[in-house]
>>> print(open('model03.pdb').read())   # PDB, C-alpha atoms
ATOM      1  CA  MET R 689       0.000   0.000   0.000  1.00  0.00           C
ATOM      2  CA  LYS R 690       2.831   2.378   0.901  1.00  0.00           C
ATOM      3  CA  ASN R 691       4.561   1.664  -2.402  1.00  0.00           C
ATOM      4  CA  LYS R 692       1.388   2.467  -4.314  1.00  0.00           C
ATOM      5  CA  LEU R 693       0.978   5.733  -2.413  1.00  0.00           C
ATOM      6  CA  SER R 694       4.607   6.673  -3.148  1.00  0.00           C
ATOM      7  CA  ILE R 695       4.143   6.000  -6.859  1.00  0.00           C
ATOM      8  CA  LEU R 696       0.928   8.020  -6.898  1.00  0.00           C
ATOM      9  CA  LEU R 697       2.658  10.908  -5.118  1.00  0.00           C
ATOM     10  CA  LEU R 698       5.495  10.921  -7.662  1.00  0.00           C
ATOM     11  CA  ILE R 699       3.007  10.972 -10.527  1.00  0.00           C
ATOM     12  CA  LEU R 700       1.132  13.908  -8.979  1.00  0.00           C
ATOM     13  CA  ILE R 701       4.390  15.826  -8.449  1.00  0.00           C
ATOM     14  CA  GLY R 702       5.381  15.183 -12.045  1.00  0.00           C
ATOM     15  CA  MET R 703       2.007  16.353 -13.333  1.00  0.00           C
ATOM     16  CA  SER R 704       2.234  19.495 -11.196  1.00  0.00           C
ATOM     17  CA  SER R 705       5.652  20.237 -12.668  1.00  0.00           C
ATOM     18  CA  LEU R 706       4.364  19.807 -16.207  1.00  0.00           C
ATOM     19  CA  THR R 707       1.399  22.049 -15.484  1.00  0.00           C
ATOM     20  CA  ALA R 708       3.670  24.731 -14.031  1.00  0.00           C
ATOM     21  CA  ASN R 709       5.868  24.643 -17.135  1.00  0.00           C
ATOM     22  CA  ALA R 710       2.884  24.747 -19.440  1.00  0.00           C
ATOM     23  CA  GLN R 711       1.615  27.885 -17.668  1.00  0.00           C
ATOM     24  CA  LYS R 712       4.943  29.720 -18.047  1.00  0.00           C
ATOM     25  CA  ALA R 713       3.567  32.336 -20.407  1.00  0.00           C
ATOM     26  CA  ILE R 714       3.793  36.106 -20.715  1.00  0.00           C
ATOM     27  CA  THR R 715       2.059  38.891 -22.595  1.00  0.00           C
ATOM     28  CA  LEU R 716       4.684  41.262 -24.007  1.00  0.00           C
ATOM     29  CA  ARG R 717       3.746  44.940 -24.073  1.00  0.00           C
ATOM     30  CA  LEU R 718       5.538  48.291 -24.357  1.00  0.00           C
ATOM     31  CA  GLN R 719       5.010  49.782 -20.895  1.00  0.00           C
ATOM     32  CA  PRO R 720       7.879  51.943 -19.589  1.00  0.00           C
ATOM     33  CA  LYS R 721       6.905  54.270 -16.750  1.00  0.00           C
ATOM     34  CA  GLN R 722       6.365  57.953 -17.448  1.00  0.00           C
ATOM     35  CA  GLY R 723       9.527  59.939 -16.765  1.00  0.00           C
ATOM     36  CA  GLN R 724      11.907  57.003 -17.163  1.00  0.00           C
ATOM     37  CA  THR R 725      15.108  57.888 -19.033  1.00  0.00           C
ATOM     38  CA  PHE R 726      17.345  55.364 -20.775  1.00  0.00           C
ATOM     39  CA  THR R 727      20.650  55.423 -22.632  1.00  0.00           C
ATOM     40  CA  ALA R 728      21.360  53.127 -25.571  1.00  0.00           C
ATOM     41  CA  ASN R 729      24.937  52.423 -26.617  1.00  0.00           C
ATOM     42  CA  SER R 730      25.348  50.751 -29.988  1.00  0.00           C
ATOM     43  CA  LYS R 731      28.405  49.562 -31.887  1.00  0.00           C
ATOM     44  CA  ALA R 732      28.360  48.595 -35.551  1.00  0.00           C
ATOM     45  CA  THR R 733      31.059  47.047 -37.699  1.00  0.00           C
ATOM     46  CA  MET R 734      30.634  46.875 -41.483  1.00  0.00           C
ATOM     47  CA  THR R 735      32.720  45.627 -44.372  1.00  0.00           C
ATOM     48  CA  THR R 736      31.686  46.857 -47.820  1.00  0.00           C
ATOM     49  CA  LEU R 737      32.918  45.114 -50.964  1.00  0.00           C
ATOM     50  CA  MET R 738      32.443  46.942 -54.268  1.00  0.00           C
ATOM     51  CA  ASN R 739      33.188  46.032 -57.853  1.00  0.00           C
ATOM     52  CA  VAL R 740      33.918  49.114 -59.959  1.00  0.00           C
ATOM     53  CA  GLN R 741      34.664  48.569 -63.639  1.00  0.00           C
ATOM     54  CA  GLY R 742      36.054  45.118 -62.971  1.00  0.00           C
ATOM     55  CA  GLN R 743      38.154  46.139 -59.972  1.00  0.00           C
ATOM     56  CA  SER R 744      37.319  45.051 -56.434  1.00  0.00           C
ATOM     57  CA  MET R 745      37.421  47.586 -53.608  1.00  0.00           C
ATOM     58  CA  SER R 746      37.000  47.010 -49.883  1.00  0.00           C
ATOM     59  CA  MET R 747      36.070  49.464 -47.134  1.00  0.00           C
ATOM     60  CA  GLY R 748      35.842  48.817 -43.403  1.00  0.00           C
ATOM     61  CA  GLN R 749      33.727  51.023 -41.152  1.00  0.00           C
ATOM     62  CA  ASN R 750      33.129  51.142 -37.391  1.00  0.00           C
ATOM     63  CA  MET R 751      30.454  53.337 -35.809  1.00  0.00           C
ATOM     64  CA  GLU R 752      29.378  53.985 -32.229  1.00  0.00           C
ATOM     65  CA  PHE R 753      26.221  55.816 -31.160  1.00  0.00           C
ATOM     66  CA  ARG R 754      25.011  56.970 -27.772  1.00  0.00           C
ATOM     67  CA  GLN R 755      21.310  57.767 -27.779  1.00  0.00           C
ATOM     68  CA  SER R 756      19.084  58.862 -24.903  1.00  0.00           C
ATOM     69  CA  PHE R 757      15.314  58.477 -24.727  1.00  0.00           C
ATOM     70  CA  THR R 758      12.689  59.444 -22.156  1.00  0.00           C
ATOM     71  CA  THR R 759       9.092  58.328 -21.705  1.00  0.00           C
ATOM     72  CA  LYS R 760       7.083  61.555 -21.903  1.00  0.00           C
ATOM     73  CA  ALA R 761       3.529  60.187 -21.708  1.00  0.00           C
ATOM     74  CA  VAL R 762       1.886  56.807 -21.180  1.00  0.00           C
ATOM     75  CA  SER R 763      -1.710  55.696 -21.712  1.00  0.00           C
ATOM     76  CA  ASP R 764      -3.467  52.409 -22.456  1.00  0.00           C
ATOM     77  CA  LYS R 765      -3.278  53.129 -26.173  1.00  0.00           C
ATOM     78  CA  GLN R 766      -0.091  55.162 -26.658  1.00  0.00           C
ATOM     79  CA  VAL R 767       3.449  55.681 -25.378  1.00  0.00           C
ATOM     80  CA  ASP R 768       5.255  58.915 -26.332  1.00  0.00           C
ATOM     81  CA  ILE R 769       9.047  58.753 -26.267  1.00  0.00           C
ATOM     82  CA  GLU R 770      11.402  61.702 -26.736  1.00  0.00           C
ATOM     83  CA  THR R 771      14.839  60.784 -28.048  1.00  0.00           C
ATOM     84  CA  GLN R 772      18.050  62.284 -29.353  1.00  0.00           C
ATOM     85  CA  ILE R 773      21.512  61.112 -30.421  1.00  0.00           C
ATOM     86  CA  GLU R 774      24.098  62.310 -27.915  1.00  0.00           C
ATOM     87  CA  SER R 775      27.340  61.287 -29.610  1.00  0.00           C
ATOM     88  CA  ILE R 776      28.751  59.571 -32.706  1.00  0.00           C
ATOM     89  CA  LYS R 777      32.136  57.992 -33.324  1.00  0.00           C
ATOM     90  CA  MET R 778      33.250  56.688 -36.686  1.00  0.00           C
ATOM     91  CA  SER R 779      36.350  55.228 -38.252  1.00  0.00           C
ATOM     92  CA  MET R 780      36.874  54.133 -41.857  1.00  0.00           C
ATOM     93  CA  SER R 781      39.694  52.250 -43.535  1.00  0.00           C
ATOM     94  CA  GLN R 782      40.081  52.262 -47.307  1.00  0.00           C
ATOM     95  CA  MET R 783      43.042  51.879 -49.653  1.00  0.00           C
ATOM     96  CA  GLY R 784      45.514  51.927 -46.773  1.00  0.00           C
ATOM     97  CA  MET R 785      44.045  55.070 -45.192  1.00  0.00           C
ATOM     98  CA  LYS R 786      42.306  55.333 -41.826  1.00  0.00           C
ATOM     99  CA  LEU R 787      39.851  58.171 -41.305  1.00  0.00           C
ATOM    100  CA  GLU R 788      38.297  59.049 -37.941  1.00  0.00           C
ATOM    101  CA  TYR R 789      35.537  61.205 -36.465  1.00  0.00           C
ATOM    102  CA  ASP R 790      34.408  61.782 -32.873  1.00  0.00           C
ATOM    103  CA  SER R 791      31.566  64.218 -32.256  1.00  0.00           C
ATOM    104  CA  GLU R 792      32.889  64.911 -28.755  1.00  0.00           C
ATOM    105  CA  HIS R 793      36.323  65.828 -30.171  1.00  0.00           C
ATOM    106  CA  PRO R 794      35.546  67.349 -33.603  1.00  0.00           C
ATOM    107  CA  GLU R 795      38.988  68.977 -33.749  1.00  0.00           C
ATOM    108  CA  LYS R 796      40.456  65.521 -34.397  1.00  0.00           C
ATOM    109  CA  THR R 797      38.282  64.851 -37.442  1.00  0.00           C
ATOM    110  CA  SER R 798      40.132  63.622 -40.528  1.00  0.00           C
ATOM    111  CA  PRO R 799      39.876  66.406 -43.170  1.00  0.00           C
ATOM    112  CA  MET R 800      38.692  63.968 -45.851  1.00  0.00           C
ATOM    113  CA  LEU R 801      35.581  63.247 -43.746  1.00  0.00           C
ATOM    114  CA  ALA R 802      34.530  66.876 -43.412  1.00  0.00           C
ATOM    115  CA  GLY R 803      31.669  66.599 -45.897  1.00  0.00           C
ATOM    116  CA  GLN R 804      30.293  63.393 -44.420  1.00  0.00           C
ATOM    117  CA  THR R 805      30.541  64.544 -40.813  1.00  0.00           C
ATOM    118  CA  LYS R 806      28.428  67.621 -41.572  1.00  0.00           C
ATOM    119  CA  GLU R 807      25.553  65.260 -42.338  1.00  0.00           C
ATOM    120  CA  LEU R 808      26.192  63.307 -39.145  1.00  0.00           C
ATOM    121  CA  GLU R 809      26.220  66.463 -37.044  1.00  0.00           C
ATOM    122  CA  LYS R 810      22.747  67.385 -38.296  1.00  0.00           C
ATOM    123  CA  ALA R 811      21.421  64.406 -36.353  1.00  0.00           C
ATOM    124  CA  LEU R 812      23.197  65.291 -33.100  1.00  0.00           C
ATOM    125  CA  LYS R 813      21.182  66.722 -30.193  1.00  0.00           C
ATOM    126  CA  LYS R 814      18.125  66.817 -32.462  1.00  0.00           C
ATOM    127  CA  SER R 815      15.188  65.976 -30.199  1.00  0.00           C
ATOM    128  CA  THR R 816      12.389  63.905 -31.732  1.00  0.00           C
ATOM    129  CA  THR R 817       9.212  62.581 -30.107  1.00  0.00           C
ATOM    130  CA  LEU R 818       7.874  59.264 -31.367  1.00  0.00           C
ATOM    131  CA  ALA R 819       4.520  57.669 -30.574  1.00  0.00           C
ATOM    132  CA  TYR R 820       4.028  53.913 -30.234  1.00  0.00           C
ATOM    133  CA  ASP R 821       1.018  51.785 -29.428  1.00  0.00           C
ATOM    134  CA  ALA R 822       1.081  49.235 -26.617  1.00  0.00           C
ATOM    135  CA  MET R 823       2.161  46.516 -29.062  1.00  0.00           C
ATOM    136  CA  GLY R 824       5.335  48.470 -29.898  1.00  0.00           C
ATOM    137  CA  LYS R 825       4.183  49.591 -33.339  1.00  0.00           C
ATOM    138  CA  LEU R 826       5.326  53.068 -34.433  1.00  0.00           C
ATOM    139  CA  ILE R 827       2.235  55.215 -35.011  1.00  0.00           C
ATOM    140  CA  SER R 828       3.928  58.595 -35.535  1.00  0.00           C
ATOM    141  CA  ASP R 829       3.798  60.235 -38.932  1.00  0.00           C
ATOM    142  CA  SER R 830       6.623  59.221 -41.245  1.00  0.00           C
ATOM    143  CA  ILE R 831       9.803  61.079 -40.257  1.00  0.00           C
ATOM    144  CA  ASP R 832      13.518  60.771 -40.881  1.00  0.00           C
ATOM    145  CA  LEU R 833      14.791  58.066 -38.508  1.00  0.00           C
ATOM    146  CA  GLU R 834      18.278  57.700 -39.943  1.00  0.00           C
ATOM    147  CA  MET R 835      20.733  56.389 -37.312  1.00  0.00           C
ATOM    148  CA  ASN R 836      17.896  56.122 -34.776  1.00  0.00           C
ATOM    149  CA  GLN R 837      18.356  52.892 -32.777  1.00  0.00           C
ATOM    150  CA  LEU R 838      14.838  52.765 -31.298  1.00  0.00           C
ATOM    151  CA  ALA R 839      13.770  50.502 -34.173  1.00  0.00           C
ATOM    152  CA  ASN R 840      16.052  47.857 -32.640  1.00  0.00           C
ATOM    153  CA  ILE R 841      15.040  48.608 -29.043  1.00  0.00           C
ATOM    154  CA  ILE R 842      11.247  48.761 -29.406  1.00  0.00           C
ATOM    155  CA  LEU R 843       9.932  45.631 -31.111  1.00  0.00           C
ATOM    156  CA  GLU R 844       6.441  44.887 -32.391  1.00  0.00           C
ATOM    157  CA  PHE R 845       4.895  42.205 -30.173  1.00  0.00           C
ATOM    158  CA  PRO R 846       2.115  39.721 -30.933  1.00  0.00           C
ATOM    159  CA  GLU R 847      -1.335  40.241 -29.432  1.00  0.00           C
ATOM    160  CA  GLN R 848      -1.456  36.808 -27.802  1.00  0.00           C
ATOM    161  CA  GLU R 849       0.672  35.699 -24.867  1.00  0.00           C
ATOM    162  CA  VAL R 850       3.863  33.801 -25.646  1.00  0.00           C
ATOM    163  CA  THR R 851       5.641  30.795 -24.180  1.00  0.00           C
ATOM    164  CA  GLU R 852       9.049  29.282 -24.845  1.00  0.00           C
ATOM    165  CA  GLY R 853       9.117  28.298 -28.513  1.00  0.00           C
ATOM    166  CA  SER R 854       6.467  30.840 -29.583  1.00  0.00           C
ATOM    167  CA  LYS R 855       7.073  32.582 -32.914  1.00  0.00           C
ATOM    168  CA  TRP R 856       5.689  35.685 -34.593  1.00  0.00           C
ATOM    169  CA  ASN R 857       6.402  37.596 -37.787  1.00  0.00           C
ATOM    170  CA  ILE R 858       6.542  41.301 -38.623  1.00  0.00           C
ATOM    171  CA  GLN R 859       7.790  43.494 -41.445  1.00  0.00           C
ATOM    172  CA  LYS R 860      10.187  46.317 -40.682  1.00  0.00           C
ATOM    173  CA  THR R 861      11.959  48.930 -42.794  1.00  0.00           C
ATOM    174  CA  GLN R 862      15.753  48.948 -42.699  1.00  0.00           C
ATOM    175  CA  PRO R 863      17.904  51.674 -44.323  1.00  0.00           C
ATOM    176  CA  VAL R 864      20.847  50.301 -46.344  1.00  0.00           C
ATOM    177  CA  ASN R 865      23.101  52.791 -48.172  1.00  0.00           C
ATOM    178  CA  ASP R 866      20.310  55.418 -48.299  1.00  0.00           C
ATOM    179  CA  VAL R 867      17.813  52.838 -49.618  1.00  0.00           C
ATOM    180  CA  ASP R 868      14.841  51.811 -47.457  1.00  0.00           C
ATOM    181  CA  ILE R 869      14.216  48.091 -47.743  1.00  0.00           C
ATOM    182  CA  VAL R 870      11.474  45.947 -46.204  1.00  0.00           C
ATOM    183  CA  VAL R 871      12.700  43.039 -44.077  1.00  0.00           C
ATOM    184  CA  ASP R 872      10.476  40.086 -43.138  1.00  0.00           C
ATOM    185  CA  MET R 873      11.407  39.229 -39.545  1.00  0.00           C
ATOM    186  CA  GLU R 874      10.604  36.123 -37.504  1.00  0.00           C
ATOM    187  CA  TYR R 875      11.061  36.169 -33.728  1.00  0.00           C
ATOM    188  CA  THR R 876      11.288  33.070 -31.520  1.00  0.00           C
ATOM    189  CA  VAL R 877      11.063  33.010 -27.709  1.00  0.00           C
ATOM    190  CA  THR R 878      13.976  30.955 -26.387  1.00  0.00           C
ATOM    191  CA  SER R 879      13.494  31.457 -22.629  1.00  0.00           C
ATOM    192  CA  ILE R 880      11.290  33.301 -20.139  1.00  0.00           C
ATOM    193  CA  SER R 881      12.033  34.405 -16.574  1.00  0.00           C
ATOM    194  CA  LYS R 882      10.777  37.135 -14.242  1.00  0.00           C
ATOM    195  CA  LYS R 883      13.620  39.465 -15.214  1.00  0.00           C
ATOM    196  CA  LYS R 884      14.057  38.815 -18.929  1.00  0.00           C
ATOM    197  CA  VAL R 885      12.639  37.267 -22.071  1.00  0.00           C
ATOM    198  CA  GLU R 886      15.233  35.902 -24.488  1.00  0.00           C
ATOM    199  CA  LEU R 887      14.547  35.979 -28.239  1.00  0.00           C
ATOM    200  CA  SER R 888      16.285  34.811 -31.384  1.00  0.00           C
ATOM    201  CA  PHE R 889      15.367  36.247 -34.762  1.00  0.00           C
ATOM    202  CA  THR R 890      15.959  35.900 -38.479  1.00  0.00           C
ATOM    203  CA  GLY R 891      15.203  38.354 -41.262  1.00  0.00           C
ATOM    204  CA  ASN R 892      15.085  38.082 -45.009  1.00  0.00           C
ATOM    205  CA  VAL R 893      14.856  40.626 -47.816  1.00  0.00           C
ATOM    206  CA  ASP R 894      14.365  39.576 -51.405  1.00  0.00           C
ATOM    207  CA  SER R 895      13.520  42.530 -53.618  1.00  0.00           C
ATOM    208  CA  LYS R 896      14.556  43.554 -57.097  1.00  0.00           C
ATOM    209  CA  GLU R 897      17.176  45.978 -55.787  1.00  0.00           C
ATOM    210  CA  VAL R 898      18.336  44.339 -52.558  1.00  0.00           C
ATOM    211  CA  LYS R 899      18.796  40.821 -51.204  1.00  0.00           C
ATOM    212  CA  GLY R 900      20.019  39.900 -47.768  1.00  0.00           C
ATOM    213  CA  THR R 901      19.689  38.115 -44.449  1.00  0.00           C
ATOM    214  CA  TYR R 902      19.648  39.136 -40.783  1.00  0.00           C
ATOM    215  CA  THR R 903      20.156  36.917 -37.728  1.00  0.00           C
ATOM    216  CA  GLY R 904      20.545  37.699 -34.059  1.00  0.00           C
ATOM    217  CA  THR R 905      19.409  37.562 -30.458  1.00  0.00           C
ATOM    218  CA  ALA R 906      17.697  40.030 -28.139  1.00  0.00           C
ATOM    219  CA  THR R 907      16.850  40.267 -24.446  1.00  0.00           C
ATOM    220  CA  VAL R 908      13.596  42.016 -23.510  1.00  0.00           C
ATOM    221  CA  ASP R 909      12.815  43.482 -20.080  1.00  0.00           C
ATOM    222  CA  PRO R 910       9.251  42.207 -19.408  1.00  0.00           C
ATOM    223  CA  GLN R 911       8.584  45.131 -17.047  1.00  0.00           C
ATOM    224  CA  THR R 912       9.132  47.825 -19.696  1.00  0.00           C
ATOM    225  CA  GLY R 913       8.908  45.879 -22.968  1.00  0.00           C
ATOM    226  CA  LEU R 914      12.231  47.353 -24.078  1.00  0.00           C
ATOM    227  CA  VAL R 915      15.142  45.445 -25.564  1.00  0.00           C
ATOM    228  CA  ILE R 916      18.043  45.752 -23.110  1.00  0.00           C
ATOM    229  CA  THR R 917      20.683  43.904 -25.142  1.00  0.00           C
ATOM    230  CA  SER R 918      20.831  42.694 -28.726  1.00  0.00           C
ATOM    231  CA  THR R 919      23.260  41.388 -31.318  1.00  0.00           C
ATOM    232  CA  THR R 920      22.533  41.430 -35.043  1.00  0.00           C
ATOM    233  CA  ARG R 921      24.523  40.028 -37.952  1.00  0.00           C
ATOM    234  CA  SER R 922      23.643  41.011 -41.504  1.00  0.00           C
ATOM    235  CA  ASN R 923      24.684  40.306 -45.061  1.00  0.00           C
ATOM    236  CA  VAL R 924      23.159  42.448 -47.798  1.00  0.00           C
ATOM    237  CA  SER R 925      23.896  42.710 -51.522  1.00  0.00           C
ATOM    238  CA  MET R 926      22.691  45.334 -53.971  1.00  0.00           C
ATOM    239  CA  THR R 927      23.643  47.023 -57.236  1.00  0.00           C
ATOM    240  CA  ILE R 928      24.027  50.783 -57.609  1.00  0.00           C
ATOM    241  CA  ASN R 929      23.742  52.350 -61.036  1.00  0.00           C
ATOM    242  CA  GLU R 930      25.454  55.729 -61.225  1.00  0.00           C
ATOM    243  CA  GLN R 931      26.755  57.784 -64.145  1.00  0.00           C
ATOM    244  CA  GLY R 932      26.311  54.895 -66.532  1.00  0.00           C
ATOM    245  CA  MET R 933      28.206  52.471 -64.283  1.00  0.00           C
ATOM    246  CA  SER R 934      26.797  49.412 -62.533  1.00  0.00           C
ATOM    247  CA  MET R 935      28.412  48.697 -59.160  1.00  0.00           C
ATOM    248  CA  PRO R 936      27.620  45.440 -57.290  1.00  0.00           C
ATOM    249  CA  ILE R 937      27.967  45.964 -53.533  1.00  0.00           C
ATOM    250  CA  THR R 938      27.975  43.522 -50.621  1.00  0.00           C
ATOM    251  CA  ILE R 939      27.747  44.739 -47.025  1.00  0.00           C
ATOM    252  CA  ALA R 940      28.497  42.366 -44.141  1.00  0.00           C
ATOM    253  CA  GLY R 941      28.023  43.743 -40.664  1.00  0.00           C
ATOM    254  CA  SER R 942      27.346  43.165 -36.990  1.00  0.00           C
ATOM    255  CA  THR R 943      25.657  45.444 -34.434  1.00  0.00           C
ATOM    256  CA  THR R 944      25.451  45.247 -30.661  1.00  0.00           C
ATOM    257  CA  ILE R 945      23.170  47.373 -28.481  1.00  0.00           C
ATOM    258  CA  GLU R 946      23.044  47.786 -24.708  1.00  0.00           C
ATOM    259  CA  VAL R 947      20.351  49.810 -22.944  1.00  0.00           C
ATOM    260  CA  LYS R 948      20.750  51.144 -19.402  1.00  0.00           C
TER     261      LYS R 948
END
>>> encode(input="model03.pdb", output="structure tokens")
Amino acid sequence: MKNKLSILLLILIGMSSLTANAQKAITLRLQPKQGQTFTANSKATMTTLMNVQGQSMSMGQNMEFRQSFTTKAVSDKQVDIETQIESIKMSMSQMGMKLEYDSEHPEKTSPMLAGQTKELEKALKKSTTLAYDAMGKLISDSIDLEMNQLANIILEFPEQEVTEGSKWNIQKTQPVNDVDIVVDMEYTVTSISKKKVELSFTGNVDSKEVKGTYTGTATVDPQTGLVITSTTRSNVSMTINEQGMSMPITIAGSTTIEVK
């Protein structure tokens, strides 16, 4: 009799464990508190390969951004976030030359980058307010979001709750060499805890002008719905036609983001 009771107890414990695991679900929503301020630090490394009139050219580029953003207003239907880029660092290597730029030390800028850095400086300290719905979808009017990292920090979530292994798909616009391309993204929940939700993702673009893939991982804070760390690897190819010349270009890159 005791043996039977022990076996029954083990079965009940096992079933309770399975039930607990099955109920490990979460509804992801964008819900930072009003007045909260965050800082996002991102680092990107890119290698661009070009073929110009039969000759191959390679260019390496490293960029670092520091961007702040503050929750200005929160309601059941909308979250308003004010953001601005605080600093930019850039280095380029091409044909044996290394060119550098640091917005916090502009006196050290390489003279050959003067024209390009003027465009970068237009984005510095330029405050912009963006509106999102609770699902993380941008609902502001179309504006220039070049270099803005919020697209990688605020994700679009599914309506239904998710568990480990859940997947959902969205389309997002990604700028590549001044061309806006549409990327089909698939997100997969890899783990869930009280403090973080881990995701993996893949992206694919297959248009007439651009083809490419994206892969990576992201960690979401379930309390705010914000990505707190992410890593993305990309490989994109395109052809630019300029002044009667056709230039095939391949861009391989990686980006890391940390939000505090």
>>> residues_around(input="model03.pdb", residues="stretch 885-899 of chain R", least_positions_apart="5", cutoff="8 Å", atoms="only C-alpha atoms", output="PyMOL selection string")
chain R and resi 869-880+904-910+924-927
>>> atom_distance(input="model03.pdb", atom1="atom CA of R:Met800", atom2="atom CA of R:Met747")
14.8 Å
>>> closest_residue(input="model03.pdb", among="R:Ile928, R:Ala713, R:Leu914, R:Ala940", to="R:Ile842", atoms="all atoms listed in the file")
R:Leu914
>>> closest_residue(input="model03.pdb", among="R:Val850, R:Met935, R:Met823, R:Ala728", to="R:Ser775", atoms="only C-alpha atoms")
R:Ala728
>>> residues_around(input="model03.pdb", residues="R:Ser922", least_positions_apart="3", cutoff="7 Å", atoms="only C-alpha atoms", output="list of chain:residue names")
R:Thr901, R:Tyr902, R:Thr903, R:Ala940, R:Gly941, R:Ser942
>>> atom_distance(input="model03.pdb", atom1="atom CA of R:Ile945", atom2="atom CA of R:Asn729")
5.7 Å
>>> closest_residue(input="model03.pdb", among="R:Lys721, R:Arg754, R:Lys712, R:Lys760", to="R:Leu838", atoms="all atoms listed in the file")
R:Arg754
>>> resolve_selection(input="model03.pdb", expression="the PyMOL selection byres ((chain R and resi 805-816) around 6)", output="list in words")
Glu770, Thr771, Gln772, Ile773, Glu774, Leu801, Ala802, Gly803, Gln804 and Thr817 of chain R
>>> atom_distance(input="model03.pdb", atom1="atom CA of R:Lys860", atom2="atom CA of R:Thr920")
14.4 Å
>>> residues_around(input="model03.pdb", residues="R:Glu844", least_positions_apart="6", cutoff="10 Å", atoms="only C-alpha atoms", output="JSON, numbers by chain")
{"R": [716, 717, 718, 820, 821, 822, 823, 824, 825, 826, 856, 857, 858, 859, 860, 875, 913]}
>>> closest_residue(input="model03.pdb", among="R:Ser763, R:Asn750, R:Asn836, R:Ser854", to="R:Tyr789", atoms="all atoms listed in the file")
R:Asn750
>>> resolve_selection(input="model03.pdb", expression="the PyMOL selection byres ((chain R and resi 781) around 10)", output="VMD selection string")
chain R and resid 735 746 to 750 779 to 780 782 to 788
>>> build_atoms(input="model03.pdb", residues="stretch 840-852 of chain R", atoms="N, CA, C and O atoms", output="short mmCIF file (atom, residue, chain, number, x, y, z; two decimals), in the frame of the given file")
data_model
loop_
_atom_site.label_atom_id
_atom_site.label_comp_id
_atom_site.auth_asym_id
_atom_site.auth_seq_id
_atom_site.Cartn_x
_atom_site.Cartn_y
_atom_site.Cartn_z
N ASN R 840 15.49 49.10 -33.13
CA ASN R 840 16.05 47.86 -32.64
C ASN R 840 15.84 47.67 -31.14
O ASN R 840 16.21 46.62 -30.60
N ILE R 841 15.26 48.66 -30.49
CA ILE R 841 15.04 48.61 -29.04
C ILE R 841 13.56 48.41 -28.72
O ILE R 841 13.21 47.79 -27.72
N ILE R 842 12.69 48.93 -29.58
CA ILE R 842 11.25 48.76 -29.41
C ILE R 842 10.75 47.84 -30.52
O ILE R 842 10.73 48.22 -31.69
N LEU R 843 10.38 46.63 -30.15
CA LEU R 843 9.93 45.63 -31.11
C LEU R 843 8.41 45.59 -31.17
O LEU R 843 7.73 45.97 -30.21
N GLU R 844 7.88 45.12 -32.27
CA GLU R 844 6.44 44.89 -32.39
C GLU R 844 6.13 43.50 -31.83
O GLU R 844 6.69 42.50 -32.27
N PHE R 845 5.23 43.46 -30.84
CA PHE R 845 4.89 42.20 -30.17
C PHE R 845 3.59 41.62 -30.71
O PHE R 845 2.74 42.35 -31.25
N PRO R 846 3.39 40.33 -30.53
CA PRO R 846 2.12 39.72 -30.93
C PRO R 846 1.02 40.05 -29.92
O PRO R 846 1.31 40.36 -28.76
N GLU R 847 -0.22 39.96 -30.34
CA GLU R 847 -1.34 40.24 -29.43
C GLU R 847 -1.46 39.17 -28.36
O GLU R 847 -1.74 39.47 -27.21
N GLN R 848 -1.26 37.91 -28.74
CA GLN R 848 -1.46 36.81 -27.80
C GLN R 848 -0.25 36.65 -26.89
O GLN R 848 0.85 37.11 -27.19
N GLU R 849 -0.44 35.98 -25.76
CA GLU R 849 0.67 35.70 -24.87
C GLU R 849 1.62 34.70 -25.52
O GLU R 849 1.24 33.96 -26.44
N VAL R 850 2.86 34.69 -25.06
CA VAL R 850 3.86 33.80 -25.65
C VAL R 850 4.44 32.88 -24.58
O VAL R 850 4.44 33.20 -23.39
N THR R 851 4.93 31.74 -25.03
CA THR R 851 5.64 30.80 -24.18
C THR R 851 6.97 30.47 -24.87
O THR R 851 7.22 30.92 -25.99
N GLU R 852 7.81 29.69 -24.21
CA GLU R 852 9.05 29.28 -24.84
C GLU R 852 8.74 28.51 -26.13
O GLU R 852 7.92 27.60 -26.13
#
